[in-house]
Structures are given as C-alpha cells and as structure tokens.
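Structure record follows, encoded as structure tokens.
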Amino acid sequence: MIYSTATVPVNPQGEPELTREQVWKGLELKARDARQFLPAGLCTRCDVTEESSTHFVRDATIGGADLREIITLEPGRKVTFFQATGPREGAIINELFEDEAGDLQLKFYCYLGLRDKEPNGSEEQAEQAQFDSNNGYKAALMSTLKRTREMVAEGRI
C-alpha cells in the first residue's frame, strides 16, 4: 500500500496572496482539466465523460497512463479522485485548510495500491519514492498554485 502526503502553504512570503475561494476555483478547474495545472507534458488528455449531482467522471492520460477517475467535490474544502481504472487503485485527495496559525494550506494525500502488482513489492516501493520526492505530488501542488495565481492575474478566476 502506498501512502504519501505533502502540504504546502498557499501564500508563501513574496507570492501574490490567494483567497480560499480563488484556490478552490483552481482546484475545481484542475479536477475538470488537469492539463493546464500539472507540470508541462504530464497530462496529455483530460475529458469529463459523465456528471451527476454527487460526482463526475474523467478519462485522462497522466504520466503516459490512461485512467478513469471518479471525482467528488466537498466545496471549499476537498477534492477526492477515486482511481476507477488505470495502474493504481485507491484515492488521491487535495484538501484546503487553515493551520493552527490560521494560514491557508494545500495538502495532498493518497492511499493507493498498484493493480496486479505485489503489495509492497519493488514497483510499489518505487512509486512510493516518486510520490514522496520533490518531483512528486509536492511539485503538482506547487504547479497548481502557480497556475491558479496566473489565472487570477489573467482575470480568469
């Protein structure tokens, strides 16, 4: 089983300040089309294929892997990506919260396994190391916040 987490401050010193509402809008847009939020070239296809009042489904190609995700939104707070098909199974969560000092934070965490691979085997261990690296999901959080700031500056958020 893979468990990984990363938390970054939404408003580090020297960056234009984002409100909770602006970050939330960015997270919603990212959930619908990750291509413009993830590091360049990481997501090459991202299409919403189904919608309901409780969730939507997207088909995407991320990191060269085709996958289908069932996505739920807890407005202003949390986006959960359930891995329905693809190399992984489990959930990936992006959560927006205030820390004990009242500063806005963006957290990623996941509970995943690799389909048809040995639990805790070499492939899972390699995924764990990638997720935990500075080029893993922490980079995706930073890229999401950077793109959100750009969209705010462009007047799109």
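Ordering of the structure tokens sets the chain letters (A, B, ...), residue numbers begin anew at 1 in every chain, and ligands are numbered from 1 in the order given.
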
Practice problem: Do a neighbour search on range 93-104 of chain A at 12 Å with only C-alpha atoms, toss out local chain neighbours closer than 2 positions, and write the hits as a PyMOL selection string. | Solution: chain A and resi 3-13+17-28+30-31+69-83+90-91+106-112+137-138+140-141+144-145

Quiz prompt | Those of chain A in DSSP helix (DSSP H, G or I), formatted as JSON, numbers by chain | solution = {"A": [20, 21, 22, 23, 24, 25, 26, 27, 28, 29, 30, 31, 32, 34, 35, 36, 122, 123, 124, 125, 126, 127, 128, 129, 130, 131, 132, 137, 138, 139, 140, 141, 142, 143, 144, 145, 146, 147, 148, 149, 150, 151, 152, 153]}

Mind dumping the selected residues with C-alpha atoms as an mmCIF file, in the first residue's frame?
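File out.cif, as written:
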```cif
data_model
loop_
_atom_site.group_PDB
_atom_site.id
_atom_site.type_symbol
_atom_site.label_atom_id
_atom_site.label_comp_id
_atom_site.auth_asym_id
_atom_site.auth_seq_id
_atom_site.Cartn_x
_atom_site.Cartn_y
_atom_site.Cartn_z
ATOM 1 C CA ARG A 20 -9.655 30.320 -0.188
ATOM 2 C CA GLU A 21 -12.274 30.968 -2.899
ATOM 3 C CA GLN A 22 -9.612 31.511 -5.566
ATOM 4 C CA VAL A 23 -7.713 28.358 -4.615
ATOM 5 C CA TRP A 24 -10.957 26.385 -4.532
ATOM 6 C CA LYS A 25 -11.870 27.595 -8.040
ATOM 7 C CA GLY A 26 -8.414 26.498 -9.201
ATOM 8 C CA LEU A 27 -8.899 23.051 -7.645
ATOM 9 C CA GLU A 28 -12.298 22.694 -9.339
ATOM 10 C CA LEU A 29 -10.832 23.666 -12.706
ATOM 11 C CA LYS A 30 -7.926 21.258 -12.187
ATOM 12 C CA ALA A 31 -10.326 18.419 -11.367
ATOM 13 C CA ARG A 32 -12.121 19.002 -14.666
ATOM 14 C CA ALA A 34 -5.629 18.766 -15.218
ATOM 15 C CA ARG A 35 -3.631 19.610 -18.352
ATOM 16 C CA GLN A 36 -3.305 23.292 -17.529
ATOM 17 C CA SER A 122 9.576 -3.264 -5.836
ATOM 18 C CA GLU A 123 7.109 -1.444 -8.128
ATOM 19 C CA GLU A 124 5.076 -0.126 -5.197
ATOM 20 C CA GLN A 125 8.232 0.915 -3.377
ATOM 21 C CA ALA A 126 9.408 2.822 -6.472
ATOM 22 C CA GLU A 127 6.015 4.592 -6.707
ATOM 23 C CA GLN A 128 6.221 5.466 -3.021
ATOM 24 C CA ALA A 129 9.663 7.005 -3.507
ATOM 25 C CA GLN A 130 8.474 9.001 -6.540
ATOM 26 C CA PHE A 131 5.374 10.306 -4.720
ATOM 27 C CA ASP A 132 7.473 11.341 -1.719
ATOM 28 C CA TYR A 137 2.913 15.355 -5.683
ATOM 29 C CA LYS A 138 4.537 18.298 -3.902
ATOM 30 C CA ALA A 139 5.531 19.566 -7.365
ATOM 31 C CA ALA A 140 1.926 19.091 -8.524
ATOM 32 C CA LEU A 141 0.677 21.192 -5.588
ATOM 33 C CA MET A 142 3.173 23.936 -6.371
ATOM 34 C CA SER A 143 2.238 23.829 -10.064
ATOM 35 C CA THR A 144 -1.471 24.061 -9.173
ATOM 36 C CA LEU A 145 -0.930 27.137 -7.016
ATOM 37 C CA LYS A 146 1.314 28.759 -9.639
ATOM 38 C CA ARG A 147 -1.280 28.230 -12.364
ATOM 39 C CA THR A 148 -4.065 29.479 -10.079
ATOM 40 C CA ARG A 149 -2.090 32.693 -9.471
ATOM 41 C CA GLU A 150 -1.626 33.109 -13.234
ATOM 42 C CA MET A 151 -5.352 32.633 -13.845
ATOM 43 C CA VAL A 152 -6.197 35.171 -11.121
ATOM 44 C CA ALA A 153 -3.790 37.670 -12.743
#
```

Exercise. Could you find all residues in chain A that DSSP calls strand (DSSP E) from the backbone, and write them as a ChimeraX atom specification?
Key: /A:2-9,43-51,56-62,65-74,78-85,88-98,104-114

Within 12 Å of Asp116 in chain A, counting only C-alpha atoms, which residues show up once you throw out same-chain ones fewer than 4 positions away? Write them as an mmCIF file with C-alpha atoms, in the first residue's frame, please.
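The file below, part_6.cif, is the result:
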```cif
data_model
loop_
_atom_site.group_PDB
_atom_site.id
_atom_site.type_symbol
_atom_site.label_atom_id
_atom_site.label_comp_id
_atom_site.auth_asym_id
_atom_site.auth_seq_id
_atom_site.Cartn_x
_atom_site.Cartn_y
_atom_site.Cartn_z
ATOM 1 C CA THR A 85 -9.192 2.256 -13.862
ATOM 2 C CA GLY A 86 -5.521 2.605 -14.640
ATOM 3 C CA PRO A 87 -2.334 1.406 -12.995
ATOM 4 C CA ARG A 88 -3.391 2.476 -9.497
ATOM 5 C CA GLU A 89 -6.374 1.788 -7.251
ATOM 6 C CA ASN A 120 4.838 -3.602 -1.068
ATOM 7 C CA GLY A 121 6.855 -5.069 -3.929
ATOM 8 C CA GLU A 123 7.109 -1.444 -8.128
ATOM 9 C CA GLU A 124 5.076 -0.126 -5.197
#
```

Quiz item: Which neighbours of Leu42 in chain A fall inside 9 Å, counting only C-alpha atoms, when residues of the same chain fewer than 5 positions from it are skipped, and could you give them as number ranges by chain?
Solution: A: 35, 61-64
